[in-house]
file my_file.cif (mmCIF, C-alpha atoms)
data_input
#
loop_
_atom_site.group_PDB
_atom_site.id
_atom_site.type_symbol
_atom_site.label_atom_id
_atom_site.label_comp_id
_atom_site.auth_asym_id
_atom_site.auth_seq_id
_atom_site.Cartn_x
_atom_site.Cartn_y
_atom_site.Cartn_z
ATOM 1 C CA MET O 1 11.596 -0.902 3.012
ATOM 2 C CA LEU O 2 13.575 1.995 4.518
ATOM 3 C CA SER O 3 10.394 3.603 5.795
ATOM 4 C CA VAL O 4 9.343 0.299 7.415
ATOM 5 C CA ILE O 5 12.643 -0.079 9.295
ATOM 6 C CA ALA O 6 12.576 3.573 10.356
ATOM 7 C CA ALA O 7 8.997 3.218 11.605
ATOM 8 C CA LEU O 8 9.832 0.030 13.539
ATOM 9 C CA SER O 9 12.766 1.684 15.276
ATOM 10 C CA ALA O 10 10.658 4.712 16.164
ATOM 11 C CA ASN O 11 7.732 2.680 17.447
ATOM 12 C CA ILE O 12 9.872 0.496 19.729
ATOM 13 C CA LEU O 13 11.194 3.598 21.476
ATOM 14 C CA VAL O 14 7.764 5.207 21.633
ATOM 15 C CA ALA O 15 6.030 2.036 22.902
ATOM 16 C CA ILE O 16 8.482 1.675 25.801
ATOM 17 C CA SER O 17 8.077 5.311 26.835
ATOM 18 C CA LYS O 18 4.272 5.127 26.599
ATOM 19 C CA PHE O 19 4.015 2.018 28.764
ATOM 20 C CA VAL O 20 6.217 3.680 31.389
ATOM 21 C CA GLY O 21 3.928 6.710 31.224
ATOM 22 C CA PHE O 22 0.791 4.559 31.588
ATOM 23 C CA ILE O 23 2.182 2.652 34.583
ATOM 24 C CA LEU O 24 3.074 5.884 36.350
ATOM 25 C CA SER O 25 -0.124 7.767 35.459
ATOM 26 C CA GLY O 26 -3.011 5.373 34.861
ATOM 27 C CA SER O 27 -4.013 7.473 31.835
ATOM 28 C CA ALA O 28 -6.584 5.807 29.530
ATOM 29 C CA ALA O 29 -5.298 7.772 26.544
ATOM 30 C CA MET O 30 -1.729 6.701 27.357
ATOM 31 C CA LEU O 31 -2.837 3.053 27.582
ATOM 32 C CA ASN O 32 -4.529 3.348 24.216
ATOM 33 C CA GLU O 33 -1.439 4.973 22.745
ATOM 34 C CA SER O 34 0.698 2.168 24.220
ATOM 35 C CA ILE O 35 -1.499 -0.433 22.519
ATOM 36 C CA HIS O 36 -1.286 1.644 19.333
ATOM 37 C CA SER O 37 2.530 1.560 19.394
ATOM 38 C CA VAL O 38 2.650 -2.194 20.064
ATOM 39 C CA VAL O 39 0.288 -2.671 17.125
ATOM 40 C CA ASP O 40 2.546 -0.515 14.960
ATOM 41 C CA CYS O 41 5.640 -2.532 15.939
ATOM 42 C CA SER O 42 3.809 -5.734 15.023
ATOM 43 C CA ASN O 43 2.810 -4.126 11.727
ATOM 44 C CA GLN O 44 6.386 -3.451 10.719
ATOM 45 C CA ILE O 45 7.537 -6.934 11.724
ATOM 46 C CA LEU O 46 4.803 -8.465 9.574
ATOM 47 C CA LEU O 47 5.753 -6.215 6.653
ATOM 48 C CA LEU O 48 9.380 -7.340 6.948
ATOM 49 C CA VAL O 49 8.240 -10.983 7.017
ATOM 50 C CA GLY O 50 6.089 -10.348 3.957
ATOM 51 C CA ASP O 51 9.010 -8.716 2.145
ATOM 52 C CA LYS O 52 11.229 -11.731 2.882
ATOM 53 C CA GLN O 53 8.513 -14.118 1.719
ATOM 54 C CA ALA O 54 7.999 -12.113 -1.465
ATOM 55 C CA ARG O 55 11.677 -12.502 -2.376
ATOM 56 C CA LYS O 56 11.477 -16.289 -2.603
ATOM 57 C CA PRO O 57 12.252 -17.561 -6.126
ATOM 58 C CA ALA O 58 9.689 -19.064 -8.477
ATOM 59 C CA SER O 59 8.898 -22.749 -8.061
ATOM 60 C CA ALA O 60 6.670 -25.398 -9.639
ATOM 61 C CA LEU O 61 3.945 -24.526 -7.135
ATOM 62 C CA HIS O 62 4.425 -20.749 -7.478
ATOM 63 C CA PRO O 63 5.608 -20.219 -11.080
ATOM 64 C CA PHE O 64 5.539 -16.414 -10.719
ATOM 65 C CA GLY O 65 7.165 -16.436 -7.294
ATOM 66 C CA GLN O 66 5.460 -15.234 -4.125
ATOM 67 C CA ALA O 67 5.573 -11.491 -4.776
ATOM 68 C CA ARG O 68 1.949 -11.069 -3.675
ATOM 69 C CA ALA O 69 2.943 -12.089 -0.149
ATOM 70 C CA LYS O 70 3.421 -8.356 0.479
ATOM 71 C CA TYR O 71 -0.249 -7.742 -0.224
ATOM 72 C CA PHE O 72 -1.340 -10.713 1.900
ATOM 73 C CA TYR O 73 0.615 -9.537 4.935
ATOM 74 C CA SER O 74 -0.617 -6.000 4.356
ATOM 75 C CA VAL O 75 -4.208 -7.251 4.633
ATOM 76 C CA ILE O 76 -3.337 -8.961 7.931
ATOM 77 C CA VAL O 77 -1.811 -5.727 9.198
ATOM 78 C CA ALA O 78 -4.876 -3.741 8.189
ATOM 79 C CA MET O 79 -7.506 -6.011 9.710
ATOM 80 C CA LEU O 80 -6.092 -8.010 12.605
ATOM 81 C CA LEU O 81 -3.663 -5.445 13.974
ATOM 82 C CA PHE O 82 -5.088 -2.058 13.061
ATOM 83 C CA PHE O 83 -8.714 -3.017 13.638
ATOM 84 C CA GLY O 84 -7.898 -5.287 16.591
ATOM 85 C CA GLY O 85 -5.789 -2.597 18.216
ATOM 86 C CA GLY O 86 -8.443 0.036 17.593
ATOM 87 C CA ALA O 87 -11.277 -2.095 18.945
ATOM 88 C CA LEU O 88 -9.288 -3.184 22.021
ATOM 89 C CA GLY O 89 -8.179 0.365 22.758
ATOM 90 C CA THR O 90 -11.727 1.663 22.393
ATOM 91 C CA MET O 91 -13.102 -0.914 24.820
ATOM 92 C CA GLU O 92 -10.416 -0.138 27.393
ATOM 93 C CA ALA O 93 -11.067 3.598 27.097
ATOM 94 C CA MET O 94 -14.840 3.110 27.332
ATOM 95 C CA GLN O 95 -14.398 1.348 30.667
ATOM 96 C CA LYS O 96 -12.426 4.323 31.983
ATOM 97 C CA LEU O 97 -14.967 6.732 30.504
ATOM 98 C CA PHE O 98 -17.732 5.281 32.678
ATOM 99 C CA HIS O 99 -15.521 4.602 35.696
ATOM 100 C CA PRO O 100 -16.084 7.326 38.293
ATOM 101 C CA ALA O 101 -12.756 6.743 40.044
ATOM 102 C CA HIS O 102 -10.631 7.304 36.956
ATOM 103 C CA THR O 103 -7.781 9.703 37.751
ATOM 104 C CA ILE O 104 -4.441 10.653 36.211
ATOM 105 C CA GLU O 105 -1.169 10.895 38.107
ATOM 106 C CA ASN O 106 2.203 12.352 37.075
ATOM 107 C CA THR O 107 0.508 14.412 34.392
ATOM 108 C CA TRP O 108 3.605 16.399 33.452
ATOM 109 C CA LEU O 109 5.545 13.192 32.867
ATOM 110 C CA VAL O 110 2.772 11.934 30.590
ATOM 111 C CA LEU O 111 2.735 15.171 28.614
ATOM 112 C CA GLY O 112 6.517 15.059 28.261
ATOM 113 C CA ILE O 113 6.404 11.483 26.947
ATOM 114 C CA LEU O 114 3.719 12.474 24.441
ATOM 115 C CA VAL O 115 5.836 15.370 23.149
ATOM 116 C CA VAL O 116 8.849 13.064 22.749
ATOM 117 C CA GLY O 117 6.607 10.598 20.911
ATOM 118 C CA MET O 118 5.478 13.323 18.516
ATOM 119 C CA VAL O 119 9.096 14.155 17.691
ATOM 120 C CA ILE O 120 10.028 10.517 17.058
ATOM 121 C CA GLU O 121 6.889 9.745 15.028
ATOM 122 C CA GLY O 122 7.367 12.996 13.096
ATOM 123 C CA SER O 123 10.854 11.859 12.077
ATOM 124 C CA SER O 124 9.457 8.554 10.823
ATOM 125 C CA LEU O 125 6.695 10.355 8.907
ATOM 126 C CA THR O 126 9.314 12.611 7.294
ATOM 127 C CA ILE O 127 11.114 9.538 5.929
ATOM 128 C CA ALA O 128 7.798 8.207 4.596
ATOM 129 C CA PHE O 129 7.132 11.516 2.823
ATOM 130 C CA LYS O 130 10.594 11.357 1.209
ATOM 131 C CA GLU O 131 9.867 7.893 -0.163
ATOM 132 C CA ILE O 132 6.447 9.011 -1.386
ATOM 133 C CA LYS O 133 8.118 11.904 -3.216
ATOM 134 C CA GLN O 134 10.520 9.473 -4.939
ATOM 135 C CA LEU O 135 7.684 7.129 -5.956
ATOM 136 C CA ASN O 136 5.248 9.852 -7.016
ATOM 137 C CA VAL O 137 6.898 10.568 -10.367
ATOM 138 C CA ASP O 138 3.657 12.003 -11.783
ATOM 139 C CA HIS O 139 3.401 14.519 -8.929
ATOM 140 C CA LEU O 140 -0.132 13.428 -8.069
ATOM 141 C CA PRO O 141 -1.979 14.883 -5.075
ATOM 142 C CA LEU O 142 -1.065 12.909 -1.954
ATOM 143 C CA PHE O 143 -4.295 10.982 -1.448
ATOM 144 C CA LYS O 144 -4.683 10.242 -5.159
ATOM 145 C CA PHE O 145 -1.147 8.833 -5.177
ATOM 146 C CA LEU O 146 -1.899 6.652 -2.145
ATOM 147 C CA LYS O 147 -5.077 5.365 -3.792
ATOM 148 C CA GLU O 148 -3.323 4.548 -7.083
ATOM 149 C CA SER O 149 -0.043 3.297 -5.617
ATOM 150 C CA ARG O 150 0.760 -0.429 -5.837
ATOM 151 C CA HIS O 151 3.254 -0.085 -2.942
ATOM 152 C CA SER O 152 1.335 -1.425 0.045
ATOM 153 C CA GLU O 153 4.176 -0.786 2.515
ATOM 154 C CA ILE O 154 4.297 2.955 1.936
ATOM 155 C CA ILE O 155 0.506 3.194 2.304
ATOM 156 C CA ILE O 156 0.657 1.398 5.654
ATOM 157 C CA ILE O 157 3.570 3.448 6.981
ATOM 158 C CA PHE O 158 1.924 6.715 5.969
ATOM 159 C CA ALA O 159 -1.348 5.686 7.622
ATOM 160 C CA GLU O 160 0.470 4.459 10.730
ATOM 161 C CA ASP O 161 2.587 7.546 11.225
ATOM 162 C CA SER O 162 -0.272 9.919 10.451
ATOM 163 C CA CYS O 163 -2.540 8.143 12.940
ATOM 164 C CA ALA O 164 0.292 8.153 15.478
ATOM 165 C CA ILE O 165 0.726 11.928 15.236
ATOM 166 C CA ILE O 166 -3.022 12.556 15.444
ATOM 167 C CA GLY O 167 -3.364 10.074 18.307
ATOM 168 C CA LEU O 168 -0.565 11.701 20.276
ATOM 169 C CA LEU O 169 -2.185 15.113 19.800
ATOM 170 C CA LEU O 170 -5.528 13.735 21.014
ATOM 171 C CA ALA O 171 -3.844 12.155 24.029
ATOM 172 C CA PHE O 172 -1.996 15.396 24.779
ATOM 173 C CA VAL O 173 -5.206 17.451 24.645
ATOM 174 C CA GLY O 174 -7.208 14.897 26.658
ATOM 175 C CA THR O 175 -4.559 14.573 29.359
ATOM 176 C CA GLY O 176 -4.073 18.336 29.533
ATOM 177 C CA LEU O 177 -7.811 19.012 29.898
ATOM 178 C CA SER O 178 -8.130 16.340 32.582
ATOM 179 C CA HIS O 179 -5.252 17.934 34.485
ATOM 180 C CA ILE O 180 -6.721 21.420 34.231
ATOM 181 C CA THR O 181 -10.310 20.454 35.106
ATOM 182 C CA GLY O 182 -9.594 17.545 37.437
ATOM 183 C CA ASP O 183 -12.055 15.450 35.416
ATOM 184 C CA GLY O 184 -10.696 12.200 33.939
ATOM 185 C CA VAL O 185 -13.472 12.045 31.362
ATOM 186 C CA TYR O 186 -11.419 14.085 28.867
ATOM 187 C CA ASP O 187 -8.545 11.617 29.073
ATOM 188 C CA ALA O 188 -10.911 8.675 28.598
ATOM 189 C CA LEU O 189 -12.674 10.409 25.706
ATOM 190 C CA ALA O 190 -9.312 10.967 24.010
ATOM 191 C CA GLY O 191 -8.673 7.233 24.362
ATOM 192 C CA VAL O 192 -11.993 6.453 22.677
ATOM 193 C CA LEU O 193 -11.219 8.824 19.793
ATOM 194 C CA ILE O 194 -7.790 7.233 19.295
ATOM 195 C CA GLY O 195 -9.400 3.785 19.087
ATOM 196 C CA VAL O 196 -11.999 5.003 16.584
ATOM 197 C CA LEU O 197 -9.211 6.594 14.539
ATOM 198 C CA LEU O 198 -7.425 3.228 14.286
ATOM 199 C CA CYS O 199 -10.641 1.469 13.257
ATOM 200 C CA LEU O 200 -11.252 4.001 10.468
ATOM 201 C CA ALA O 201 -7.652 3.611 9.280
ATOM 202 C CA ALA O 202 -8.168 -0.168 9.235
ATOM 203 C CA LEU O 203 -11.225 0.133 7.020
ATOM 204 C CA PHE O 204 -9.396 2.446 4.589
ATOM 205 C CA LEU O 205 -6.391 0.122 4.360
ATOM 206 C CA ALA O 206 -8.513 -3.023 4.035
ATOM 207 C CA ARG O 207 -10.332 -1.505 1.073
ATOM 208 C CA GLU O 208 -7.082 -0.589 -0.683
ATOM 209 C CA PHE O 209 -5.356 -3.923 -0.029
ATOM 210 C CA TYR O 210 -8.381 -5.971 -1.061
ATOM 211 C CA SER O 211 -8.089 -4.407 -4.510
ATOM 212 C CA LEU O 212 -4.328 -5.060 -4.644
ATOM 213 C CA LEU O 213 -4.702 -8.654 -3.484
ATOM 214 C CA ILE O 214 -7.402 -9.380 -6.072
ATOM 215 C CA GLY O 215 -5.141 -7.851 -8.719
ATOM 216 C CA GLU O 216 -4.858 -4.321 -10.104
ATOM 217 C CA SER O 217 -3.688 -3.426 -13.590
ATOM 218 C CA GLY O 218 -0.695 -1.267 -14.370
ATOM 219 C CA VAL O 219 -1.225 2.464 -13.881
ATOM 220 C CA LYS O 220 -2.432 4.448 -16.897
ATOM 221 C CA ARG O 221 0.997 6.021 -17.469
ATOM 222 C CA ASP O 222 2.614 2.587 -17.744
ATOM 223 C CA LEU O 223 -0.150 1.187 -19.952
ATOM 224 C CA ASP O 224 0.141 4.079 -22.393
ATOM 225 C CA LYS O 225 3.898 3.588 -22.573
ATOM 226 C CA MET O 226 3.505 -0.159 -23.156
ATOM 227 C CA LYS O 227 1.087 0.420 -26.029
ATOM 228 C CA VAL O 228 3.722 2.535 -27.788
ATOM 229 C CA SER O 229 5.884 -0.587 -28.185
ATOM 230 C CA PHE O 230 3.126 -2.132 -30.318
ATOM 231 C CA LYS O 231 2.926 0.820 -32.708
ATOM 232 C CA ARG O 232 5.041 -0.649 -35.502
ATOM 233 C CA GLU O 233 4.747 -0.927 -39.267
ATOM 234 C CA ASP O 234 4.516 -4.714 -39.060
ATOM 235 C CA ILE O 235 1.653 -4.682 -36.491
ATOM 236 C CA ALA O 236 -1.808 -4.185 -38.008
ATOM 237 C CA ARG O 237 -3.675 -4.056 -34.713
ATOM 238 C CA LEU O 238 -3.161 -4.432 -31.005
ATOM 239 C CA ILE O 239 -6.277 -6.492 -30.322
ATOM 240 C CA ASP O 240 -5.992 -6.543 -26.551
ATOM 241 C CA LEU O 241 -3.578 -5.723 -23.750
ATOM 242 C CA LYS O 242 -4.010 -6.770 -20.134
ATOM 243 C CA THR O 243 -1.677 -6.288 -17.175
ATOM 244 C CA ILE O 244 -1.793 -7.193 -13.514
ATOM 245 C CA HIS O 245 0.531 -6.232 -10.674
ATOM 246 C CA LEU O 246 1.892 -9.305 -8.901
ATOM 247 C CA SER O 247 3.697 -6.934 -6.545
ATOM 248 C CA PRO O 248 4.739 -3.270 -6.634
ATOM 249 C CA THR O 249 7.587 -4.204 -9.001
ATOM 250 C CA ASP O 250 6.330 -7.413 -10.675
ATOM 251 C CA ILE O 251 3.907 -7.203 -13.614
ATOM 252 C CA LEU O 252 2.240 -9.862 -15.734
ATOM 253 C CA LEU O 253 1.501 -8.625 -19.272
ATOM 254 C CA ALA O 254 -0.654 -10.520 -21.780
ATOM 255 C CA ALA O 255 -1.344 -9.208 -25.273
ATOM 256 C CA LYS O 256 -3.057 -10.319 -28.464
ATOM 257 C CA VAL O 257 -1.771 -8.758 -31.689
ATOM 258 C CA GLU O 258 -2.556 -8.942 -35.380
ATOM 259 C CA ILE O 259 0.600 -8.996 -37.485
ATOM 260 C CA LYS O 260 0.404 -7.747 -41.072
ATOM 261 C CA GLN O 261 0.366 -10.591 -43.571
ATOM 262 C CA ASP O 262 2.957 -8.880 -45.759
ATOM 263 C CA ALA O 263 5.383 -8.306 -42.869
ATOM 264 C CA SER O 264 8.962 -9.027 -43.941
ATOM 265 C CA THR O 265 9.977 -10.252 -40.468
ATOM 266 C CA ARG O 266 8.912 -13.543 -38.916
ATOM 267 C CA PRO O 267 6.192 -13.219 -36.248
ATOM 268 C CA SER O 268 8.410 -14.710 -33.541
ATOM 269 C CA GLU O 269 11.110 -12.101 -34.207
ATOM 270 C CA ILE O 270 8.543 -9.286 -34.127
ATOM 271 C CA ILE O 271 7.170 -10.483 -30.796
ATOM 272 C CA ASN O 272 10.643 -10.904 -29.325
ATOM 273 C CA ASP O 273 11.542 -7.378 -30.409
ATOM 274 C CA ILE O 274 8.409 -5.973 -28.786
ATOM 275 C CA GLU O 275 9.288 -7.771 -25.549
ATOM 276 C CA ARG O 276 12.796 -6.317 -25.592
ATOM 277 C CA HIS O 277 11.439 -2.792 -26.066
ATOM 278 C CA ILE O 278 8.946 -3.158 -23.209
ATOM 279 C CA ARG O 279 11.592 -4.457 -20.795
ATOM 280 C CA ALA O 280 13.997 -1.704 -21.824
ATOM 281 C CA ASP O 281 11.296 0.929 -21.184
ATOM 282 C CA PHE O 282 10.593 -0.439 -17.682
ATOM 283 C CA PRO O 283 13.904 -1.366 -16.033
ATOM 284 C CA GLN O 284 12.291 -0.798 -12.611
ATOM 285 C CA TYR O 285 9.891 -3.718 -13.137
ATOM 286 C CA LYS O 286 10.226 -7.463 -13.515
ATOM 287 C CA ILE O 287 7.761 -8.147 -16.338
ATOM 288 C CA TYR O 288 6.372 -11.514 -17.401
ATOM 289 C CA ILE O 289 5.300 -11.040 -21.033
ATOM 290 C CA TYR O 290 3.022 -13.302 -23.070
ATOM 291 C CA ILE O 291 2.084 -12.134 -26.586
ATOM 292 C CA GLU O 292 -0.227 -14.101 -28.859
ATOM 293 C CA GLU O 293 -0.620 -13.633 -32.616
ATOM 294 C CA ASP O 294 -4.196 -13.618 -33.895
ATOM 295 C CA ARG O 295 -6.590 -12.101 -36.426
ATOM 296 C CA TYR O 296 -9.137 -9.629 -35.101
ATOM 297 C CA GLN O 297 -12.769 -10.740 -35.181
ATOM 298 C CA GLU O 298 -15.848 -8.750 -34.189
ATOM 299 C CA HIS O 299 -17.061 -11.319 -31.643
ATOM 300 C CA TYR O 300 -13.924 -10.711 -29.524
ATOM 301 C CA GLN O 301 -15.842 -7.863 -27.907
ATOM 302 C CA ASP O 302 -18.112 -10.481 -26.310
ATOM 303 C CA HIS O 303 -15.099 -12.016 -24.561
ATOM 304 C CA GLY O 304 -13.984 -8.928 -22.686
ATOM 305 C CA LEU O 305 -11.622 -7.562 -25.317
ATOM 306 C CA GLN O 306 -11.774 -3.833 -26.020
ATOM 307 C CA PRO O 307 -10.418 -3.335 -29.541
ATOM 308 C CA ALA O 308 -11.750 0.204 -29.880
ATOM 309 C CA ASP O 309 -9.241 1.347 -27.258
ATOM 310 C CA VAL O 310 -6.193 -0.259 -28.826
ATOM 311 C CA VAL O 311 -6.684 -0.276 -32.613
ATOM 312 C CA GLN O 312 -3.517 0.674 -34.469
ATOM 313 C CA GLU O 313 -3.720 3.968 -36.311
#

call {"tool": "encode", "arguments": {"input": "my_file.cif", "output": "structure tokens"}}
result
Amino acid sequence: MLSVIAALSANILVAISKFVGFILSGSAAMLNESIHSVVDCSNQILLLVGDKQARKPASALHPFGQARAKYFYSVIVAMLLFFGGGALGTMEAMQKLFHPAHTIENTWLVLGILVVGMVIEGSSLTIAFKEIKQLNVDHLPLFKFLKESRHSEIIIIFAEDSCAIIGLLLAFVGTGLSHITGDGVYDALAGVLIGVLLCLAALFLAREFYSLLIGESGVKRDLDKMKVSFKREDIARLIDLKTIHLSPTDILLAAKVEIKQDASTRPSEIINDIERHIRADFPQYKIYIYIEEDRYQEHYQDHGLQPADVVQE
């Protein structure tokens, strides 16, 4: 959550400076950027609330805890705040775009505030990149990592900070062109583009968080490592293995195994040993493990099991 706290601190400072700039200039792009920063502040507050909710212990009503609260609040951030902020900002900028009396005052002050905002947002984005580097242990390309990551917070912060930098650049260019030409249409057009940018970011995030909220399996690297724990002399076949992320660090694992009939160890001891190995291999996760003993039958394929992928060699 370090990147969330850093982004919240940065956005509070930037939001205050942008509102001062809008009041003194009347810039449509600056108004849109002000709305953007308020939206971002609300985002981080919601993420912190979601993190606190996710830490609540398991109960009779929520036997696996409330770890998915992070994904729920991430969906709210994506749709209500990102999309709402983008749509509101676009409408405000469109009014200025078709308003013939739209002018900008104190242009140099506005440009100075935008430059300061770029520096602050750049610092927050740097922290996000550091956390991405720590999480991206497979050294995947950036966008592939973001697509496969189960960490909703880092996806939001990266999208936020990236949109903030791009939005500030658009506002800077629009304000500068309006100052040079004396035509406020460039400033208003920059405001429209910033709003559209937020809407596109909202759609991207909503798509990613929908998948996380519904439930995504463990990443391929983790699944391959888990299957190794079932490769034992006393296991005839790993009939099926299913996982689902309850949160970035909580996983539910369910498996069906066929234990050799001549195994010298009791089935319960074999299963317990497999569980110990899996937990030892993944100290970074809290794993709920349920392993069932069975005998493989051909009709299992009709029930969604994929034995061809997990047959013991």

call {"tool": "residues_around", "arguments": {"input": "my_file.cif", "residues": "stretch 68-75 of chain O", "least_positions_apart": "2", "cutoff": "7 Å", "atoms": "all atoms listed in the file", "output": "ChimeraX atom specification"}}
result
/O:46-47,50-51,53-54,66,77-79,152,206,209,212-213,246-247

call {"tool": "atom_distance", "arguments": {"input": "my_file.cif", "atom1": "atom CA of O:Gly174", "atom2": "atom CA of O:Ala201"}}
result
20.7 Å

call {"tool": "atom_distance", "arguments": {"input": "my_file.cif", "atom1": "atom CA of O:Val39", "atom2": "atom CA of O:Met91"}}
result
15.5 Å

call {"tool": "atom_distance", "arguments": {"input": "my_file.cif", "atom1": "atom CA of O:Lys133", "atom2": "atom CA of O:Lys56"}}
result
28.4 Å

call {"tool": "residues_around", "arguments": {"input": "my_file.cif", "residues": "stretch 31-36 of chain O", "least_positions_apart": "5", "cutoff": "7 Å", "atoms": "all atoms listed in the file", "output": "list in words"}}
result
Ala15, Lys18, Phe19, Phe22, Gly85, Gly89 and Gly191 of chain O

call {"tool": "closest_residue", "arguments": {"input": "my_file.cif", "among": "O:Thr181, O:Ser123, O:Asn106, O:Thr249", "to": "O:Phe158", "atoms": "all atoms listed in the file"}}
result
O:Ser123

call {"tool": "resolve_selection", "arguments": {"input": "my_file.cif", "expression": "the PyMOL selection byres ((chain O and resi 217-220) around 8)", "output": "JSON, numbers by chain"}}
result
{"O": [148, 215, 216, 221, 222, 223, 224, 242, 243, 244, 245, 251]}

call {"tool": "axis_aligned_box", "arguments": {"input": "my_file.cif", "around": "stretch 274-281 of chain O", "padding_each_side": "6 Å", "output": "lines of an AutoDock Vina configuration file"}}
result
center_x = 11.2
center_y = -3.4
center_z = -24.8
size_x = 17.6
size_y = 20.7
size_z = 20.0

call {"tool": "residues_around", "arguments": {"input": "my_file.cif", "residues": "O:Glu275", "least_positions_apart": "6", "cutoff": "10 Å", "atoms": "only C-alpha atoms", "output": "PDB file with C-alpha atoms, in the frame of the given file"}}
result
ATOM      1  CA  MET O 226       3.505  -0.159 -23.156  1.00  0.00           C
ATOM      2  CA  SER O 229       5.884  -0.587 -28.185  1.00  0.00           C
ATOM      3  CA  PHE O 230       3.126  -2.132 -30.318  1.00  0.00           C
ATOM      4  CA  GLU O 269      11.110 -12.101 -34.207  1.00  0.00           C
ATOM      5  CA  ASP O 281      11.296   0.929 -21.184  1.00  0.00           C
ATOM      6  CA  ILE O 287       7.761  -8.147 -16.338  1.00  0.00           C
ATOM      7  CA  TYR O 288       6.372 -11.514 -17.401  1.00  0.00           C
ATOM      8  CA  ILE O 289       5.300 -11.040 -21.033  1.00  0.00           C
ATOM      9  CA  TYR O 290       3.022 -13.302 -23.070  1.00  0.00           C
ATOM     10  CA  ILE O 291       2.084 -12.134 -26.586  1.00  0.00           C
TER      11      ILE O 291
END

call {"tool": "resolve_selection", "arguments": {"input": "my_file.cif", "expression": "the PyMOL selection byres ((chain O and resi 154) around 8)", "output": "PyMOL selection string"}}
result
chain O and resi 3-4+128+131-132+151-153+155-158

call {"tool": "closest_residue", "arguments": {"input": "my_file.cif", "among": "O:Leu253, O:Val185, O:Ile12, O:Ile271", "to": "O:Leu97", "atoms": "all atoms listed in the file"}}
result
O:Val185

call {"tool": "closest_residue", "arguments": {"input": "my_file.cif", "among": "O:Leu205, O:Ser42, O:His277, O:Phe145", "to": "O:Ala159", "atoms": "only C-alpha atoms"}}
result
O:Leu205

call {"tool": "closest_residue", "arguments": {"input": "my_file.cif", "among": "O:Val14, O:Leu241, O:Leu81, O:Leu197", "to": "O:Val119", "atoms": "all atoms listed in the file"}}
result
O:Val14

call {"tool": "closest_residue", "arguments": {"input": "my_file.cif", "among": "O:Leu135, O:Val173, O:Ile16, O:Ile166", "to": "O:Arg150", "atoms": "only C-alpha atoms"}}
result
O:Leu135

call {"tool": "resolve_selection", "arguments": {"input": "my_file.cif", "expression": "the PyMOL selection byres ((chain O and resi 118) around 12)", "output": "PyMOL selection string"}}
result
chain O and resi 10-11+13-14+17-18+33+111-117+119-126+161-172

call {"tool": "residues_around", "arguments": {"input": "my_file.cif", "residues": "O:Ser27", "least_positions_apart": "2", "cutoff": "10 Å", "atoms": "only C-alpha atoms", "output": "PyMOL selection string"}}
result
chain O and resi 21-25+29-33+93+96+102-107+110+171+174-175+178+184+187-188+191

call {"tool": "build_atoms", "arguments": {"input": "my_file.cif", "residues": "stretch 177-189 of chain O", "atoms": "N, CA and C atoms", "output": "CSV table (one decimal), keeping the file's coordinate frame"}}
result
chain,number,residue,atom,x,y,z
O,177,LEU,N,-6.5,18.6,29.4
O,177,LEU,CA,-7.8,19.0,29.9
O,177,LEU,C,-8.2,18.3,31.2
O,178,SER,N,-7.8,17.0,31.3
O,178,SER,CA,-8.1,16.3,32.6
O,178,SER,C,-7.3,16.9,33.7
O,179,HIS,N,-6.1,17.3,33.5
O,179,HIS,CA,-5.3,17.9,34.5
O,179,HIS,C,-5.8,19.3,34.9
O,180,ILE,N,-6.2,20.1,33.9
O,180,ILE,CA,-6.7,21.4,34.2
O,180,ILE,C,-8.1,21.4,35.0
O,181,THR,N,-9.0,20.5,34.5
O,181,THR,CA,-10.3,20.5,35.1
O,181,THR,C,-10.4,19.5,36.3
O,182,GLY,N,-9.5,18.6,36.4
O,182,GLY,CA,-9.6,17.5,37.4
O,182,GLY,C,-10.6,16.5,37.1
O,183,ASP,N,-11.1,16.4,35.9
O,183,ASP,CA,-12.1,15.4,35.4
O,183,ASP,C,-11.4,14.5,34.4
O,184,GLY,N,-11.4,13.2,34.8
O,184,GLY,CA,-10.7,12.2,33.9
O,184,GLY,C,-11.5,11.8,32.7
O,185,VAL,N,-12.7,12.4,32.5
O,185,VAL,CA,-13.5,12.0,31.4
O,185,VAL,C,-12.8,12.5,30.1
O,186,TYR,N,-12.1,13.6,30.1
O,186,TYR,CA,-11.4,14.1,28.9
O,186,TYR,C,-10.3,13.1,28.4
O,187,ASP,N,-9.6,12.6,29.4
O,187,ASP,CA,-8.5,11.6,29.1
O,187,ASP,C,-9.2,10.3,28.5
O,188,ALA,N,-10.3,9.9,29.1
O,188,ALA,CA,-10.9,8.7,28.6
O,188,ALA,C,-11.5,8.9,27.2
O,189,LEU,N,-12.1,10.1,27.0
O,189,LEU,CA,-12.7,10.4,25.7
O,189,LEU,C,-11.6,10.4,24.6
